[in-house]
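Structure file run.cif with mmCIF, C-alpha atoms and all ligand atoms:
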```
data_target
loop_
_atom_site.label_atom_id
_atom_site.label_comp_id
_atom_site.auth_asym_id
_atom_site.auth_seq_id
_atom_site.Cartn_x
_atom_site.Cartn_y
_atom_site.Cartn_z
CA MET U 1 0.00 0.00 0.00
CA PRO U 2 1.44 3.41 -0.88
CA ASN U 3 2.09 5.39 2.24
CA ASN U 4 1.24 9.06 1.99
CA THR U 5 2.74 10.27 5.23
CA GLU U 6 6.48 10.80 4.86
CA LYS U 7 8.31 8.18 6.86
CA THR U 8 11.00 9.17 9.33
CA TYR U 9 14.37 7.81 8.35
CA VAL U 10 17.05 7.07 10.92
CA ARG U 11 20.62 7.46 9.75
CA SER U 12 22.91 4.54 10.56
CA HIS U 13 26.40 5.14 11.98
CA GLU U 14 27.64 2.10 10.11
CA PRO U 15 29.77 4.17 7.68
CA VAL U 16 32.30 4.77 10.48
CA PHE U 17 32.71 1.06 11.21
CA TRP U 18 32.45 0.09 7.58
CA GLY U 19 35.24 2.56 6.77
CA LEU U 20 37.51 1.06 9.44
CA PHE U 21 36.47 -2.42 8.33
CA GLY U 22 37.29 -1.66 4.71
CA ALA U 23 40.65 -0.08 5.47
CA GLY U 24 41.53 -2.92 7.85
CA GLY U 25 40.47 -5.50 5.28
CA MET U 26 42.74 -3.96 2.71
CA LEU U 27 45.72 -4.10 5.09
CA THR U 28 44.85 -7.62 6.23
CA ALA U 29 44.69 -8.80 2.64
CA PHE U 30 47.87 -7.14 1.44
CA PHE U 31 50.23 -6.85 4.39
CA THR U 32 49.39 -9.62 6.85
CA PRO U 33 50.43 -12.42 4.45
CA VAL U 34 53.68 -10.57 3.76
CA MET U 35 54.37 -10.15 7.47
CA ILE U 36 53.63 -13.81 8.14
CA LEU U 37 55.84 -14.79 5.22
CA ILE U 38 58.75 -12.72 6.52
CA THR U 39 58.52 -13.45 10.24
CA GLY U 40 57.13 -16.97 10.00
CA LEU U 41 59.04 -18.43 7.05
CA LEU U 42 61.76 -16.37 5.47
CA ILE U 43 63.56 -15.47 8.71
CA PRO U 44 63.34 -18.94 10.36
CA LEU U 45 64.50 -20.52 7.09
CA GLY U 46 67.43 -18.12 7.03
CA ILE U 47 66.47 -16.65 3.68
CA ILE U 48 66.32 -13.23 5.26
CA ASP U 49 69.15 -12.47 7.64
CA LYS U 50 67.65 -12.14 11.12
CA GLN U 51 69.99 -9.27 11.87
CA HIS U 52 67.62 -7.11 9.84
CA PHE U 53 65.00 -7.78 12.47
CA SER U 54 67.16 -7.51 15.55
CA TYR U 55 65.83 -5.87 18.70
CA GLU U 56 67.79 -2.68 18.07
CA LYS U 57 66.55 -2.30 14.53
CA ILE U 58 62.90 -2.97 15.38
CA ASN U 59 63.11 -0.74 18.43
CA ALA U 60 64.59 2.07 16.36
CA PHE U 61 61.81 1.64 13.82
CA ALA U 62 59.03 1.56 16.41
CA THR U 63 60.33 4.64 18.18
CA SER U 64 60.46 6.77 15.08
CA TRP U 65 57.30 8.78 14.34
CA TYR U 66 56.60 7.13 11.01
CA GLY U 67 57.49 3.67 12.36
CA ALA U 68 55.16 4.05 15.34
CA ALA U 69 52.39 5.23 13.03
CA ILE U 70 52.89 2.21 10.76
CA VAL U 71 52.86 -0.23 13.68
CA LEU U 72 49.72 1.36 15.12
CA VAL U 73 47.90 1.25 11.79
CA LEU U 74 49.00 -2.34 11.09
CA VAL U 75 47.73 -3.53 14.47
CA ALA U 76 44.63 -1.40 14.95
CA LEU U 77 42.95 -1.45 11.56
CA PRO U 78 42.97 -5.24 11.03
CA LEU U 79 41.60 -5.47 14.57
CA TRP U 80 38.65 -3.20 13.74
CA HIS U 81 38.19 -5.27 10.61
CA THR U 82 38.14 -8.55 12.53
CA LEU U 83 35.79 -7.41 15.26
CA HIS U 84 33.40 -5.86 12.78
CA ARG U 85 33.29 -9.23 11.03
CA ILE U 86 32.75 -11.07 14.31
CA PHE U 87 29.96 -8.65 15.27
CA HIS U 88 28.15 -9.20 11.98
CA GLY U 89 29.02 -12.90 11.99
CA LEU U 90 27.18 -13.31 15.29
CA HIS U 91 24.06 -11.86 13.66
CA ASP U 92 24.50 -14.20 10.69
CA LEU U 93 24.79 -17.18 13.05
CA GLY U 94 21.53 -16.16 14.65
CA VAL U 95 22.91 -14.95 17.98
CA HIS U 96 20.31 -12.25 18.49
CA ARG U 97 20.50 -11.80 22.22
CA GLY U 98 22.11 -8.63 23.53
CA ARG U 99 23.04 -7.02 20.23
CA ASP U 100 23.87 -3.80 22.09
CA TRP U 101 26.27 -5.62 24.36
CA GLN U 102 27.80 -7.53 21.48
CA GLN U 103 28.44 -4.20 19.81
CA VAL U 104 29.94 -2.63 22.92
CA ILE U 105 32.18 -5.65 23.52
CA CYS U 106 33.32 -6.03 19.90
CA TYR U 107 34.06 -2.41 19.06
CA GLY U 108 35.01 -1.69 22.66
CA PHE U 109 37.70 -4.38 22.42
CA ALA U 110 39.02 -2.97 19.15
CA PHE U 111 39.02 0.51 20.65
CA ALA U 112 40.69 -0.59 23.90
CA VAL U 113 43.47 -2.50 22.14
CA SER U 114 44.03 0.42 19.74
CA VAL U 115 44.44 2.78 22.69
CA PHE U 116 46.64 0.23 24.46
CA VAL U 117 48.96 -0.09 21.45
CA PHE U 118 49.00 3.66 21.07
CA THR U 119 50.10 4.24 24.70
CA LEU U 120 52.57 1.39 24.48
CA LEU U 121 54.22 2.98 21.46
CA LEU U 122 54.10 6.40 23.07
CA GLN U 123 55.90 5.30 26.24
CA MET U 124 58.69 3.77 24.15
CA PHE U 125 59.81 7.18 23.00
CA MET W 1 7.52 -39.53 -27.06
CA SER W 2 10.65 -40.80 -25.46
CA GLU W 3 10.65 -43.59 -22.91
CA LEU W 4 12.80 -41.61 -20.54
CA THR W 5 11.23 -40.07 -17.50
CA VAL W 6 12.34 -37.76 -14.75
CA GLU W 7 11.06 -37.55 -11.20
CA ILE W 8 9.92 -34.21 -9.91
CA ASP W 9 9.31 -33.51 -6.23
CA ILE W 10 6.99 -30.63 -5.56
CA LEU W 11 6.44 -29.03 -2.19
CA ARG W 12 2.69 -28.68 -1.95
CA TYR W 13 0.55 -26.65 0.36
CA ARG W 14 -3.18 -26.12 0.06
CA PRO W 15 -4.16 -23.94 3.01
CA GLU W 16 -7.74 -25.26 3.17
CA LEU W 17 -6.58 -28.92 3.27
CA ASP W 18 -3.08 -29.17 4.66
CA SER W 19 -1.88 -28.17 8.07
CA GLU W 20 1.67 -28.00 6.71
CA PRO W 21 3.48 -28.34 3.38
CA PHE W 22 4.32 -31.84 2.13
CA THR W 23 6.24 -33.25 -0.82
CA GLN W 24 4.51 -34.95 -3.72
CA THR W 25 6.44 -36.79 -6.43
CA PHE W 26 5.48 -36.83 -10.10
CA GLU W 27 6.96 -38.68 -13.04
CA VAL W 28 7.26 -36.67 -16.21
CA PRO W 29 8.42 -37.80 -19.68
CA TYR W 30 11.90 -36.44 -20.26
CA THR W 31 13.02 -34.47 -23.25
CA PRO W 32 16.13 -32.31 -23.19
CA GLU W 33 14.29 -29.19 -24.37
CA LEU W 34 11.64 -29.32 -21.65
CA SER W 35 11.87 -26.42 -19.21
CA VAL W 36 10.93 -26.86 -15.57
CA LEU W 37 7.94 -24.61 -16.22
CA GLU W 38 6.81 -26.84 -19.10
CA ALA W 39 7.22 -29.87 -16.87
CA LEU W 40 4.89 -28.20 -14.37
CA GLN W 41 2.41 -27.50 -17.16
CA TYR W 42 2.62 -31.15 -18.15
CA ILE W 43 1.85 -32.16 -14.58
CA LYS W 44 -1.10 -29.77 -14.42
CA ASP W 45 -2.51 -30.94 -17.77
CA HIS W 46 -1.98 -34.68 -17.36
CA LEU W 47 -1.31 -35.69 -13.76
CA ASP W 48 -2.80 -33.32 -11.20
CA SER W 49 -4.82 -30.29 -12.23
CA SER W 50 -4.90 -28.91 -8.69
CA ILE W 51 -1.26 -27.87 -8.67
CA SER W 52 -0.67 -24.10 -8.48
CA PHE W 53 2.23 -22.08 -9.85
CA ARG W 54 2.67 -18.68 -11.49
CA TRP W 55 3.84 -17.98 -15.00
CA SER W 56 3.08 -15.81 -17.99
CA CYS W 57 5.76 -15.06 -20.58
CA ARG W 58 7.73 -18.36 -20.69
CA MET W 59 10.78 -16.35 -21.73
CA ALA W 60 12.35 -14.78 -18.63
CA ILE W 61 10.69 -11.40 -19.03
CA CYS W 62 7.67 -11.31 -16.74
CA GLY W 63 9.37 -12.51 -13.58
CA SER W 64 6.41 -14.64 -12.45
CA CYS W 65 7.85 -18.12 -12.37
CA GLY W 66 10.48 -17.83 -9.63
CA MET W 67 10.89 -20.96 -7.49
CA MET W 68 13.53 -22.98 -5.68
CA VAL W 69 14.89 -25.62 -8.04
CA ASN W 70 16.98 -28.10 -6.07
CA GLY W 71 17.37 -25.42 -3.41
CA VAL W 72 18.52 -22.65 -5.74
CA PRO W 73 16.31 -19.69 -6.70
CA LYS W 74 15.62 -19.96 -10.46
CA LEU W 75 13.11 -18.93 -13.08
CA GLY W 76 11.16 -22.07 -14.01
CA CYS W 77 11.12 -21.03 -17.66
CA LYS W 78 14.87 -20.43 -17.83
CA VAL W 79 15.98 -23.75 -16.38
CA PHE W 80 15.71 -27.09 -18.17
CA LEU W 81 15.28 -30.70 -17.14
CA ARG W 82 18.49 -31.51 -19.04
CA ASP W 83 20.39 -29.42 -16.47
CA TYR W 84 19.48 -32.04 -13.84
CA TYR W 85 18.73 -35.26 -15.73
CA PRO W 86 18.93 -38.08 -14.71
CA LYS W 87 18.79 -36.69 -11.19
CA LYS W 88 15.56 -35.86 -9.47
CA VAL W 89 14.33 -32.28 -9.61
CA SER W 90 12.87 -30.78 -6.48
CA LEU W 91 10.66 -27.71 -6.70
CA GLU W 92 9.76 -25.52 -3.76
CA PRO W 93 8.24 -22.08 -3.42
CA LEU W 94 10.73 -19.19 -3.25
CA ALA W 95 12.55 -19.14 0.07
CA ASN W 96 12.06 -16.21 2.48
CA PHE W 97 8.49 -15.59 1.27
CA PRO W 98 5.33 -16.89 2.94
CA ILE W 99 3.63 -19.65 0.91
CA GLU W 100 0.26 -18.72 -0.52
CA ARG W 101 -0.43 -22.07 -2.19
CA ASP W 102 1.87 -24.75 -3.63
CA LEU W 103 4.59 -22.89 -5.56
CA VAL W 104 2.86 -19.52 -5.26
CA VAL W 105 4.26 -17.15 -2.65
CA VAL W 106 2.96 -13.94 -1.07
CA MET W 107 4.99 -11.11 -2.60
CA ASP W 108 3.37 -8.18 -0.77
CA ASP W 109 6.43 -7.30 1.28
CA PHE W 110 8.66 -7.39 -1.81
CA ILE W 111 6.31 -5.11 -3.76
CA GLN W 112 6.12 -2.76 -0.81
CA LYS W 113 9.92 -2.59 -0.66
CA LEU W 114 10.03 -1.74 -4.38
CA GLU W 115 7.47 1.02 -3.84
CA SER W 116 9.30 2.38 -0.82
CA VAL W 117 12.39 3.59 -2.71
CA LYS W 118 10.59 6.28 -4.77
CA PRO W 119 11.08 4.35 -8.01
CA TYR W 120 10.20 7.15 -10.41
CA ILE W 121 12.02 10.12 -11.88
CA ILE W 122 11.80 13.13 -9.59
CA PRO W 123 12.42 16.03 -11.97
CA GLY W 124 14.45 19.05 -10.90
CA GLU W 125 12.90 21.98 -12.68
CA ASN W 126 9.56 21.58 -14.36
CA LYS W 127 10.40 21.67 -18.01
CA CYS W 128 7.77 22.94 -20.37
CA LEU W 129 6.62 20.51 -23.05
CA SER W 130 7.66 22.97 -25.74
CA GLU W 131 11.27 22.73 -24.58
CA GLY W 132 11.40 19.26 -26.00
CA PRO W 133 12.35 15.90 -24.49
CA TYR W 134 15.06 15.27 -21.92
CA GLN W 135 18.14 14.13 -23.74
CA GLN W 136 20.67 11.65 -22.53
CA THR W 137 24.05 10.67 -23.91
CA PRO W 138 24.91 6.97 -24.23
CA GLU W 139 27.37 7.52 -21.39
CA GLN W 140 24.65 8.89 -19.11
CA MET W 141 22.43 5.97 -19.97
CA ALA W 142 25.17 3.42 -19.37
CA LYS W 143 25.36 4.64 -15.76
CA TYR W 144 22.00 3.13 -14.85
CA LYS W 145 20.94 0.81 -17.68
CA GLN W 146 22.07 -2.42 -16.03
CA TYR W 147 20.06 -1.61 -12.89
CA SER W 148 16.96 -0.98 -14.95
CA MET W 149 16.88 -4.53 -16.30
CA CYS W 150 15.21 -6.00 -13.21
CA ILE W 151 12.06 -8.05 -13.85
CA ASN W 152 10.98 -8.13 -10.19
CA CYS W 153 11.18 -11.88 -9.99
CA GLY W 154 12.24 -11.88 -6.32
CA LEU W 155 14.99 -14.49 -6.77
CA CYS W 156 17.48 -12.19 -5.08
CA TYR W 157 15.27 -11.94 -1.97
CA ALA W 158 15.07 -15.73 -1.84
CA ALA W 159 18.88 -15.78 -2.04
CA CYS W 160 19.58 -13.05 0.51
CA PRO W 161 20.55 -14.35 3.97
CA GLN W 162 20.13 -10.87 5.46
CA TYR W 163 16.55 -10.60 4.21
CA ALA W 164 15.99 -14.07 5.64
CA LEU W 165 17.17 -12.89 9.05
CA ASP W 166 15.51 -9.50 9.05
CA LYS W 167 12.50 -8.68 6.88
CA LYS W 168 13.00 -4.97 7.56
CA PHE W 169 16.03 -4.97 5.23
CA THR W 170 15.12 -3.10 2.04
CA GLY W 171 16.79 -5.85 0.03
CA PRO W 172 18.69 -6.28 -3.25
CA ALA W 173 16.15 -5.58 -6.02
CA ALA W 174 14.68 -2.50 -4.31
CA LEU W 175 18.13 -1.03 -3.63
CA ALA W 176 19.23 -1.74 -7.20
CA LEU W 177 16.04 0.00 -8.35
CA LEU W 178 16.87 2.92 -6.09
CA ALA W 179 20.36 3.08 -7.63
CA ARG W 180 18.79 2.99 -11.07
CA TYR W 181 16.93 6.27 -10.37
CA ASN W 182 19.74 7.92 -8.41
CA ARG W 183 22.12 7.31 -11.29
CA ASP W 184 19.73 8.68 -13.94
CA SER W 185 20.82 12.11 -15.21
CA ARG W 186 17.16 13.18 -15.56
CA ASP W 187 16.49 12.54 -11.89
CA ASN W 188 16.82 14.98 -9.01
CA GLY W 189 15.60 12.86 -6.14
CA GLU W 190 18.95 11.65 -4.84
CA ALA W 191 18.78 13.67 -1.60
CA GLN W 192 15.38 12.15 -0.79
CA ARG W 193 16.47 8.63 -1.60
CA MET W 194 19.75 8.86 0.31
CA LYS W 195 17.66 9.02 3.50
CA ILE W 196 16.39 5.55 2.65
CA VAL W 197 19.87 4.34 1.73
CA ASN W 198 21.50 5.68 4.92
CA GLN W 199 19.35 3.65 7.30
CA GLU W 200 20.25 0.38 8.95
CA GLU W 201 17.42 -1.14 6.89
CA GLY W 202 18.92 0.54 3.82
CA VAL W 203 22.30 -0.49 2.44
CA TRP W 204 23.74 -1.09 5.90
CA GLY W 205 21.68 -4.23 6.36
CA CYS W 206 23.86 -5.81 3.66
CA THR W 207 27.06 -7.69 4.51
CA PHE W 208 28.03 -8.28 0.87
CA VAL W 209 27.37 -11.98 0.64
CA GLY W 210 26.78 -11.47 -3.07
CA TYR W 211 24.46 -14.43 -3.67
CA CYS W 212 21.76 -12.05 -5.00
CA SER W 213 23.94 -11.25 -7.98
CA VAL W 214 24.72 -14.93 -8.55
CA VAL W 215 21.06 -15.93 -8.84
CA CYS W 216 19.81 -12.85 -10.74
CA PRO W 217 18.55 -14.06 -14.14
CA LYS W 218 19.00 -10.63 -15.75
CA ASP W 219 22.57 -9.82 -14.60
CA VAL W 220 21.35 -6.78 -12.71
CA ASP W 221 24.11 -7.30 -10.13
CA PRO W 222 22.21 -5.83 -7.16
CA ALA W 223 25.19 -6.54 -4.88
CA ALA W 224 27.32 -4.11 -6.88
CA ALA W 225 24.55 -1.50 -6.76
CA ILE W 226 24.46 -1.83 -2.98
CA GLN W 227 28.23 -1.60 -2.51
CA LEU W 228 28.35 1.55 -4.67
CA LEU W 229 25.50 2.97 -2.59
CA LYS W 230 27.50 2.21 0.56
CA VAL W 231 30.25 4.45 -0.78
CA GLU W 232 27.66 7.16 -1.53
CA SER W 233 26.17 6.72 1.92
CA SER W 234 29.60 7.08 3.54
CA LYS W 235 30.21 10.31 1.63
CA ASP W 236 26.77 11.47 2.70
CA TYR W 237 27.65 10.62 6.31
CA LEU W 238 30.82 12.72 6.15
CA ILE W 239 28.98 15.64 4.61
CA GLY W 240 26.23 15.22 7.21
CA MET W 241 28.81 15.57 10.00
CA PHE W 242 29.73 19.05 8.81
CA LYS W 243 26.36 20.24 7.74
CA PRO W 244 23.56 18.36 9.47
CA ASP W 245 20.15 18.76 7.88
S1 LIG U 301 17.53 -7.91 -9.23
FE1 LIG U 301 17.56 -9.78 -10.51
S2 LIG U 301 16.98 -11.44 -9.07
FE2 LIG U 301 16.39 -9.51 -8.10
S3 LIG U 301 14.22 -9.21 -8.65
FE3 LIG U 301 15.48 -8.11 -10.19
S4 LIG U 301 15.78 -9.56 -11.88
FE4 LIG U 301 15.07 -10.75 -10.09
S1 LIG U 302 7.22 -17.21 -17.14
FE1 LIG U 302 7.83 -15.13 -17.31
S2 LIG U 302 9.76 -15.16 -16.35
FE2 LIG U 302 9.27 -17.26 -16.41
#
```
Any chance you could put this one into C-alpha cells?
Ligand code: SF4
Ligand code: FES
Amino acid sequence: MPNNTEKTYVRSHEPVFWGLFGAGGMLTAFFTPVMILITGLLIPLGIIDKQHFSYEKINAFATSWYGAAIVLVLVALPLWHTLHRIFHGLHDLGVHRGRDWQQVICYGFAFAVSVFVFTLLLQMF
Amino acid sequence: MSELTVEIDILRYRPELDSEPFTQTFEVPYTPELSVLEALQYIKDHLDSSISFRWSCRMAICGSCGMMVNGVPKLGCKVFLRDYYPKKVSLEPLANFPIERDLVVVMDDFIQKLESVKPYIIPGENKCLSEGPYQQTPEQMAKYKQYSMCINCGLCYAACPQYALDKKFTGPAALALLARYNRDSRDNGEAQRMKIVNQEEGVWGCTFVGYCSVVCPKDVDPAAAIQLLKVESSKDYLIGMFKPD
C-alpha cells in the first residue's frame, strides 16, 4: 500500500565502522600475508638475515614517528576489521541476544586495544 | 515420445486442506528441451490439475515463475530438465516468502519494498513541453541501464541471507532500483532517496554476501549496486557531519 505520510528515516552510523572495516580488510589482505611470510618463514629458514629484524633495529623503527604510526595502523585497523566481522558474523549465526552488548564488547575491544597499542608505542619514546 | 522419465518432487501446500506443506512426487516424460515450467504444465494438464504455480511469458521477461529448483532460486522457464537429468528435480516455493499455495508465494512485502524507494524520476525543474524531451548521452544511460533490467522476480530476496534474518532490510532488487533512479541524469531525487539508503534497513543491512547477484537471471548485479550505494552513503555521512540537515 502506498504510504502518503512521509516516513521518518534514521541514519545509521555504520559508515564509520564500515570505513575502518574496509581499510583494515585492505591491510589484512595485502600486508598480513607478507608479514607472516617474513617473520614466519623467510627469517626462520634463514632466507632473510635475522639481523635485519634484531631488537635494536625494530626498536629504532618503532620509536620513530613514522614507524610508530605504521605499527599502530598495522595492528589497529585489522583489529577493527576482525571485530566488525565477528559482530556481523554473530548476527548471521543467529545470535540475536544482547546485540547492544555484542556491539559494545566487539568495538570496545578494538578501541581498547588500539588505545593500548598507542600508549605502548608512546611510552617507548 | 521418449521412454525416458524424470522424477519431480513438488512441495505442496493447500491452506484449506493441509496443516503443513508436504512433498509430492510426479513422473514426467523427459526431453532435453523441456523447461521446468513446461514440466509443471505437463503435470497440471496430465497428472494433477490442482497444482498451483505462477507464470506468464515463458521467456524470462515477466518474472512470475520464480521458485527454488533443487534449493537454488531460479526462473522455471529459464531452467531445463536436461540441467538435472537423470537426477531428481525438487521444486519448492521461493525461500524467504510466505507460501500462498503450492509454488505460489505472497509477494506483498517485496512489492512494498520496491514502492518504498521512490522508483520514479523526480524532476528538478519543471520543463515545459515545448522545450522538447530530456536528452541523454549513451554515457549517461550506461550509468543506470544495467540496474533498470530488473524483472521483479524476487529471486534475489530468496537468495539473501540478510533478508531471511531480518525482513525490515530493504533488500537487493529494491536497492538496485533505487540506484537505477539515483544514477539517472534526468532525476533529481537523490537527496530524498539517500535518506532511505542511509538507514540500517537501507544499504547497511547488507554484509556483501553477493548471492543475490549470482542468482539474478538478468545480470542486474544488485550486490554491486548496494556496494556503490554504501560508498555514496559514507560520503553522505561525512557531509552530514559538517552540515547536518
Ligand atoms: S535484481 Fe535480478 S533477481 Fe532480483 S528481482 Fe530483479 S531480476 Fe530478479
Ligand atoms: S514465465 Fe515469465 S519469467 Fe518465467
Provide an axis-aligned box for all listed atoms of ligand LIG 302 (chain U), padding each side by 5 Å; report its centre and its edge lengths in Å to one decimal, as AutoDock Vina command-line options.
```
--center_x 8.5 --center_y -16.2 --center_z -16.8 --size_x 12.5 --size_y 12.1 --size_z 11.0
```
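Minimum atom-to-atom distance to Val104 (chain U), evaluated using only C-alpha atoms, belongs to U:His84 out of U:Lys50, U:Lys57, U:Lys7, U:His84.
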Contact set, chain U to chain W: 9 Å, all atoms listed in the file, as JSON, numbers by chain: {"U": [1, 2, 3, 8, 9, 10, 11, 12, 13, 14, 15, 16, 18, 19, 88, 91, 92, 94]}
Residues from the last selection, C-alpha atoms, saved as a PDB file, in the frame of the given file:
```
ATOM      1  CA  MET U   1       0.000   0.000   0.000  1.00  0.00           C
ATOM      2  CA  PRO U   2       1.440   3.410  -0.880  1.00  0.00           C
ATOM      3  CA  ASN U   3       2.090   5.390   2.240  1.00  0.00           C
ATOM      4  CA  THR U   8      11.000   9.170   9.330  1.00  0.00           C
ATOM      5  CA  TYR U   9      14.370   7.810   8.350  1.00  0.00           C
ATOM      6  CA  VAL U  10      17.050   7.070  10.920  1.00  0.00           C
ATOM      7  CA  ARG U  11      20.620   7.460   9.750  1.00  0.00           C
ATOM      8  CA  SER U  12      22.910   4.540  10.560  1.00  0.00           C
ATOM      9  CA  HIS U  13      26.400   5.140  11.980  1.00  0.00           C
ATOM     10  CA  GLU U  14      27.640   2.100  10.110  1.00  0.00           C
ATOM     11  CA  PRO U  15      29.770   4.170   7.680  1.00  0.00           C
ATOM     12  CA  VAL U  16      32.300   4.770  10.480  1.00  0.00           C
ATOM     13  CA  TRP U  18      32.450   0.090   7.580  1.00  0.00           C
ATOM     14  CA  GLY U  19      35.240   2.560   6.770  1.00  0.00           C
ATOM     15  CA  HIS U  88      28.150  -9.200  11.980  1.00  0.00           C
ATOM     16  CA  HIS U  91      24.060 -11.860  13.660  1.00  0.00           C
ATOM     17  CA  ASP U  92      24.500 -14.200  10.690  1.00  0.00           C
ATOM     18  CA  GLY U  94      21.530 -16.160  14.650  1.00  0.00           C
TER      19      GLY U  94
END
```
Test item: residues lying within 6 Å of ligand LIG 301 (chain U) with all atoms listed in the file, as number ranges by chain: W: 150-156, 173, 216-218, 220, 222
With C-alpha atoms retained, could you export that selection as a PDB file, keeping the file's coordinate frame?
```
ATOM      1  CA  CYS W 150      15.210  -6.000 -13.210  1.00  0.00           C
ATOM      2  CA  ILE W 151      12.060  -8.050 -13.850  1.00  0.00           C
ATOM      3  CA  ASN W 152      10.980  -8.130 -10.190  1.00  0.00           C
ATOM      4  CA  CYS W 153      11.180 -11.880  -9.990  1.00  0.00           C
ATOM      5  CA  GLY W 154      12.240 -11.880  -6.320  1.00  0.00           C
ATOM      6  CA  LEU W 155      14.990 -14.490  -6.770  1.00  0.00           C
ATOM      7  CA  CYS W 156      17.480 -12.190  -5.080  1.00  0.00           C
ATOM      8  CA  ALA W 173      16.150  -5.580  -6.020  1.00  0.00           C
ATOM      9  CA  CYS W 216      19.810 -12.850 -10.740  1.00  0.00           C
ATOM     10  CA  PRO W 217      18.550 -14.060 -14.140  1.00  0.00           C
ATOM     11  CA  LYS W 218      19.000 -10.630 -15.750  1.00  0.00           C
ATOM     12  CA  VAL W 220      21.350  -6.780 -12.710  1.00  0.00           C
ATOM     13  CA  PRO W 222      22.210  -5.830  -7.160  1.00  0.00           C
TER      14      PRO W 222
END
```
Could you produce a table of the residues of chain W lying within 8 Å of ligand LIG 302 (chain U), with the nearest pair of atoms per residue and their separation in Å rounded to one decimal, using all atoms listed in the file, ordered by chain and increasing residue number, as CSV?
```
residue,atom,partner,partner_atom,distance
W:Leu37,CA,U:LIG302,FE2,7.5
W:Arg54,CA,U:LIG302,S1,7.4
W:Trp55,CA,U:LIG302,S1,4.1
W:Ser56,CA,U:LIG302,S1,4.5
W:Cys57,CA,U:LIG302,FE1,3.9
W:Arg58,CA,U:LIG302,S1,3.8
W:Met59,CA,U:LIG302,FE1,5.5
W:Ala60,CA,U:LIG302,S2,3.5
W:Ile61,CA,U:LIG302,S2,4.7
W:Cys62,CA,U:LIG302,FE1,3.9
W:Gly63,CA,U:LIG302,S2,3.9
W:Ser64,CA,U:LIG302,FE1,5.1
W:Cys65,CA,U:LIG302,FE2,4.4
W:Gly66,CA,U:LIG302,FE2,6.9
W:Leu75,CA,U:LIG302,FE2,5.4
W:Gly76,CA,U:LIG302,FE2,5.7
W:Cys77,CA,U:LIG302,FE2,4.4
W:Lys78,CA,U:LIG302,FE2,6.6
W:Ile151,CA,U:LIG302,S2,7.9
W:Cys153,CA,U:LIG302,S2,7.3
```
Interatomic distance, CA of Leu229 (chain W) to CA of Leu77 (chain U) (Å, one decimal): 22.9 Å
Nearby residues (all atoms listed in the file) at most 9 Å from Ala39 (chain W), same-chain spacing under 5 positions excluded, as a PyMOL selection string: chain W and resi 8+28-30+34+44+81
Atomic separation - CA of Asp49 (chain U) relative to CA of Thr32 (chain U), Å: 20.0 Å
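Take the candidates U:Leu93, U:Met35, U:Leu121, U:Leu79 and check each one against Tyr107 (chain U) using only C-alpha atoms; the shortest distance goes to U:Leu79.
A straight line drawn from CA of Tyr85 (chain W) to CA of Glu33 (chain W) is 11.5 Å long.
When only C-alpha atoms are used to compute distances to Asp102 (chain W), the closest of the residues W:Met141, W:Met241, W:Leu40, W:Ile10 turns out to be W:Ile10.
Nearest residue to Ala110 (chain U), choosing from U:Trp65, U:Trp80, U:Phe30, U:Phe87 and counting all atoms listed in the file: U:Trp80.
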Within 7 Å of file point (46.1, 0.1, 8.0), counting all atoms listed in the file, expressed as a PyMOL selection string: chain U and resi 23-24+27+73-74+77-78
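Each of U:Pro44, U:Gln51, U:Ile105, U:Thr82 was compared to Gly22 (chain U) using all atoms listed in the file, and U:Thr82 turns out to be the nearest.
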Generate the coordinates of N, CA, C and O atoms for region 101-109 of chain U; report them as a CSV table (one decimal), keeping the file's coordinate frame.
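Saved the output as rebuild_4.csv:
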```
chain,number,residue,atom,x,y,z
U,101,TRP,N,25.1,-5.2,23.6
U,101,TRP,CA,26.3,-5.6,24.4
U,101,TRP,C,27.3,-6.2,23.4
U,101,TRP,O,28.5,-6.0,23.6
U,102,GLN,N,26.9,-7.0,22.5
U,102,GLN,CA,27.8,-7.5,21.5
U,102,GLN,C,28.6,-6.4,20.8
U,102,GLN,O,29.8,-6.5,20.6
U,103,GLN,N,27.8,-5.3,20.5
U,103,GLN,CA,28.4,-4.2,19.8
U,103,GLN,C,29.5,-3.5,20.7
U,103,GLN,O,30.6,-3.2,20.3
U,104,VAL,N,29.1,-3.3,22.0
U,104,VAL,CA,29.9,-2.6,22.9
U,104,VAL,C,31.2,-3.5,23.1
U,104,VAL,O,32.3,-3.0,23.1
U,105,ILE,N,31.0,-4.8,23.3
U,105,ILE,CA,32.2,-5.6,23.5
U,105,ILE,C,33.1,-5.7,22.3
U,105,ILE,O,34.3,-5.5,22.4
U,106,CYS,N,32.5,-5.9,21.1
U,106,CYS,CA,33.3,-6.0,19.9
U,106,CYS,C,34.1,-4.7,19.6
U,106,CYS,O,35.3,-4.7,19.6
U,107,TYR,N,33.4,-3.6,19.4
U,107,TYR,CA,34.1,-2.4,19.1
U,107,TYR,C,34.8,-1.9,20.3
U,107,TYR,O,35.9,-1.2,20.1
U,108,GLY,N,34.3,-2.1,21.5
U,108,GLY,CA,35.0,-1.7,22.7
U,108,GLY,C,36.4,-2.3,22.7
U,108,GLY,O,37.4,-1.7,23.1
U,109,PHE,N,36.4,-3.6,22.4
U,109,PHE,CA,37.7,-4.4,22.4
U,109,PHE,C,38.7,-3.8,21.4
U,109,PHE,O,39.8,-3.5,21.7
```
